Structure formats: structure tokens, C-alpha cells
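The next block holds one structure in the form of C-alpha cells; read it before the comments.
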Amino acid sequence: MKIAKKVLKWFLYFLLIPITYIIVSFILSSITIDRKERNTNAEKLIYLNTNGVHLDILIPIENINTLVLSGLKYNKNEKYLSFGWGDENFYINTPTWGELTFSNAFKAMFLESSTLMHVTRYKQKRSDWMEIKVTNSELHKLNIYLLNTFESNANGSKIILDNKGYSSTDNFYKSKGSYSCFNTCNSWVNIAFKESGLKSCLWTPFDFGLMNKYK
């Protein structure tokens with residue numbers, strides 16, 4: 001009986017960890033960091049998109065800084081680029097949710113690992129993208145944030161992973177930072193908005209935290 005009680009006790013302690021994480025996540029996601037600038041001069045457009053779990057930032061190519069565009073693959077008939085950030089092993093080995101494994105998920109959430117920027121090209125805007133108007137200043141700060149996320153080689157060029165994209169319209173590039181349950185793909189997007197002076201969450205690991213701020 002004593003052994004059974006100890007096992008139950010430790011099981012409950014272990015169960016408290018994800019429960020506490022979820023509760024804290026919901027609380028901090030609900031706290032709004034207000035926009036720093038008045039949006040009376042917000043004439044530029046960016047977009048948010050989610051696949052149900054993972055957020056991407058989408059920007060018309062005409063609104064992307066030349067330094068960000070430098071070294072990125074895109075064609076003249078493509079009008080938008082989406083930027084996502086995440087764990088390298090997870091990105092490469094889990095192209096679809098059907099291929100998700102416990103090992104890949106555990107490594108991404110709890111072990112220090114290298115990361116990638118996922119850049120996807122689009123010829124036209126899609127109806128499920130969430131439109132956000134930004135000022136020139138906010139757009140400039142967002143571009144700087146994106147630029148600073150890319151890892152560069154000794155020549156200052158972006159480092160592309162050849163033949164690792166999911167299709168003919170996307171590519172992976174080496175990036176800075178380490179992914180964890182406290183620094184997720186969605187918190188990366190949230191920080192991008194926060195540092196750009198846009199409305200954001202105090203902190204959020206989930207996609208809906210930021211999406212809810214713009215409904």
C-alpha cells in the first residue's frame with residue numbers, strides 16, 4: 001500500500017506540470033500588450049496564418065526589406081512570403097501531423113536544439129489569412145526582427161538547406177535561437193509583434209493567443 005501511495009503521489013506531481021503549464025499559458029495569453037503607436041497612418045499590410053497549431057507571418061514582397069529578401073529564393077510572379085520559425089528536427093522530420101512521433105515532440109519541447117526559418121512563397125493572397133494594417137515604422141521593426149532571426153555564414157549570406165522543403169514553393173534556412181516549450185514557434189511570432197510595437201500577448205506558446213487579439 002505504501003508503494004502504491006508513493007507511486008500515486010509522484011504521478012499526481014508529474015501531472016501537475018502540464019496542467020500548470022496550460023493554466024499559466026491561458027492566463028498570460030489573455031493579457032494584452034497594447035499597440036505602441038496609433039494606427040491612423042497604418043497603410044501597409046501583413047497577415048497572420050495558422051495551420052491550426054503553428055503561426056506564420058505573411059508579408060507582401062513589396063513590403064519586405066531588401067536585406068531580408070537577400071539570399072531568399074522567390075520568383076517574379078510570387079507576391080507574398082510567409083515566415084515561420086521552429087525546431088529543426090521537428091520541421092524536417094514532421095512534414096505532416098500524421099508523421100508526428102513522441103520522440104520528435106519531446107525533443108522539440110524539452111531539449112536544446114537548432115532551429116530553422118521556414119519561408120513559403122505565394123502567388124496570391126488566401127481568404128483564411130488574417131489581415132493586419134501596420135505603419136511604416138512597425139513594418140520596419142518587423143523586418144529587422146526577421147532579418148535578425150536568420151543565421152548567416154562567414155560571408156554574411158543566409159544558409160539554405162538544399163532540397164529540404166515540403167514542396168517547390170518553400171525552403172528552410174538556418175536560424176538563431178533554441179526551441180522549447182517556453183520559446184515556441186508561436187511565441188516567436190508573438191515576440192515579433194511585441195518588438196514591432198503591435199498588439200500582442202504578454203506570452204503565449206499557442207497560435208490562438210495572438211490570433212484572438214486580432215479577431
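To be explicit about the labels: the chains of the C-alpha cells are called A, B, and onward in the order shown, and within each one the residues are counted from 1, while ligands get numbers from 1 in the order they are shown.
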
All residues 10 Å or closer to A:Phe26, only C-alpha atoms, same chain fewer than 6 positions away omitted, as a VMD selection string: chain A and resid 20 203 to 206 208 to 209

Within 9 Å of stretch 61-78 of chain A, counting only C-alpha atoms, which residues show up once you throw out same-chain ones fewer than 5 positions away? Write them as a ChimeraX atom specification, please. /A:44-46,119-124,139-140,143-144,146-148,150,157-160,169-171,173

Just C-alpha atoms for this one: save the residues we selected as an mmCIF file, in the first residue's frame.
```cif
data_model
loop_
_atom_site.group_PDB
_atom_site.id
_atom_site.type_symbol
_atom_site.label_atom_id
_atom_site.label_comp_id
_atom_site.auth_asym_id
_atom_site.auth_seq_id
_atom_site.Cartn_x
_atom_site.Cartn_y
_atom_site.Cartn_z
ATOM 1 C CA LYS A 44 0.849 48.721 -45.098
ATOM 2 C CA LEU A 45 -0.453 45.163 -44.834
ATOM 3 C CA ILE A 46 0.828 41.998 -43.201
ATOM 4 C CA VAL A 119 9.862 30.537 -45.917
ATOM 5 C CA THR A 120 6.925 29.770 -48.222
ATOM 6 C CA ARG A 121 6.061 31.627 -51.417
ATOM 7 C CA TYR A 122 2.561 32.507 -52.640
ATOM 8 C CA LYS A 123 1.309 33.958 -55.903
ATOM 9 C CA GLN A 124 -1.873 35.369 -54.371
ATOM 10 C CA LEU A 139 6.809 47.263 -40.672
ATOM 11 C CA HIS A 140 10.449 48.363 -40.451
ATOM 12 C CA ASN A 143 11.657 43.409 -40.995
ATOM 13 C CA ILE A 144 14.567 43.950 -38.615
ATOM 14 C CA LEU A 146 13.013 38.764 -39.263
ATOM 15 C CA LEU A 147 16.480 39.682 -40.510
ATOM 16 C CA ASN A 148 17.994 39.134 -37.076
ATOM 17 C CA PHE A 150 18.265 34.292 -39.869
ATOM 18 C CA SER A 157 24.727 35.174 -46.506
ATOM 19 C CA LYS A 158 21.667 33.214 -45.392
ATOM 20 C CA ILE A 159 22.202 29.457 -45.095
ATOM 21 C CA ILE A 160 19.669 27.476 -47.114
ATOM 22 C CA THR A 169 7.352 26.732 -53.187
ATOM 23 C CA ASP A 170 9.095 26.614 -49.806
ATOM 24 C CA ASN A 171 12.590 26.467 -48.340
ATOM 25 C CA TYR A 173 17.069 28.409 -43.757
#
```

Mind the document's chain letters and residue numbers, and return as a PyMOL selection string the residues of stretch 80-193 of chain A that DSSP labels alpha helix (DSSP H). chain A and resi 88-93+102-110+136-149+185-193

When you draw a straight line from atom CA of A:Lys79 to atom CA of A:Ser167, how long is it in Å?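 So the two atoms, atom CA of A:Lys79 and atom CA of A:Ser167, lie 17.3 Å apart.
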
Residues at most 8 Å from A:Leu202, counting only C-alpha atoms, excluding those fewer than 4 positions away in the same chain, as a ChimeraX atom specification? /A:28-33

Restricting it to N, CA, C and O atoms, dump the selection as a JSON list (two decimals), in the first residue's frame.
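The resulting file, out-v8.json, is shown below:
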```json
[["chain", "number", "residue", "atom", "x", "y", "z"],
["A", 28, "LEU", "N", -1.49, 34.12, -19.31],
["A", 28, "LEU", "CA", -0.58, 35.07, -19.93],
["A", 28, "LEU", "C", -0.99, 35.39, -21.37],
["A", 28, "LEU", "O", -0.76, 36.50, -21.86],
["A", 29, "SER", "N", -1.61, 34.43, -22.06],
["A", 29, "SER", "CA", -2.09, 34.68, -23.42],
["A", 29, "SER", "C", -3.24, 35.68, -23.43],
["A", 29, "SER", "O", -3.43, 36.41, -24.41],
["A", 30, "SER", "N", -4.00, 35.70, -22.35],
["A", 30, "SER", "CA", -5.17, 36.59, -22.28],
["A", 30, "SER", "C", -4.78, 38.03, -21.95],
["A", 30, "SER", "O", -5.57, 38.96, -22.14],
["A", 31, "ILE", "N", -3.56, 38.25, -21.45],
["A", 31, "ILE", "CA", -3.10, 39.59, -21.11],
["A", 31, "ILE", "C", -2.56, 40.27, -22.36],
["A", 31, "ILE", "O", -1.64, 39.77, -23.00],
["A", 32, "THR", "N", -3.14, 41.41, -22.70],
["A", 32, "THR", "CA", -2.80, 42.09, -23.95],
["A", 32, "THR", "C", -1.74, 43.17, -23.74],
["A", 32, "THR", "O", -1.85, 43.99, -22.83],
["A", 33, "ILE", "N", -0.73, 43.14, -24.58],
["A", 33, "ILE", "CA", 0.23, 44.24, -24.67],
["A", 33, "ILE", "C", -0.27, 45.15, -25.78],
["A", 33, "ILE", "O", -0.29, 44.75, -26.95]]
```

Here is a test: counting only C-alpha atoms, which residue of A:Asn93, A:Asn190, A:Thr149, A:Asn136 is nearest to A:Met117?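 Between A:Asn93, A:Asn190, A:Thr149, A:Asn136, the residue approaching A:Met117 most closely is A:Thr149.
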
Which residue of A:Val24, A:Leu16, A:Ile191, A:Cys185 approaches A:Lys141 most closely, using only C-alpha atoms: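 Smallest distance to A:Lys141 is found for A:Ile191.
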
Using DSSP on the backbone, list every residue of stretch 70-195 of chain A that comes out as strand (DSSP E), and give them as a count of residues only. 29

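Closest approach to A:Phe193 among A:Ile17, A:Val53, A:Leu48, A:Ile22 is made by A:Leu48 (distances from only C-alpha atoms).
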
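Straight-line separation from atom CA of A:Ser187 to atom CA of A:Asn163: 27.5 Å.
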
Fewer than 2 positions away in the same chain doesn't count, so skip those; otherwise give me all residues within 12 Å of A:Trp129, counting only C-alpha atoms, as number ranges by chain. A: 45-51, 55-59, 80, 82, 122, 124-127, 131-132, 211, 214-215

Length of the atom CA of A:Lys133 to atom CA of A:Phe182 vector [Å]: 28.2 Å

Residue nearest A:Gly86 among A:Asn186, A:Ser168, A:Ser137, A:Asn153 (counting only C-alpha atoms):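 Using only C-alpha atoms, A:Gly86 sits closest to A:Asn186.
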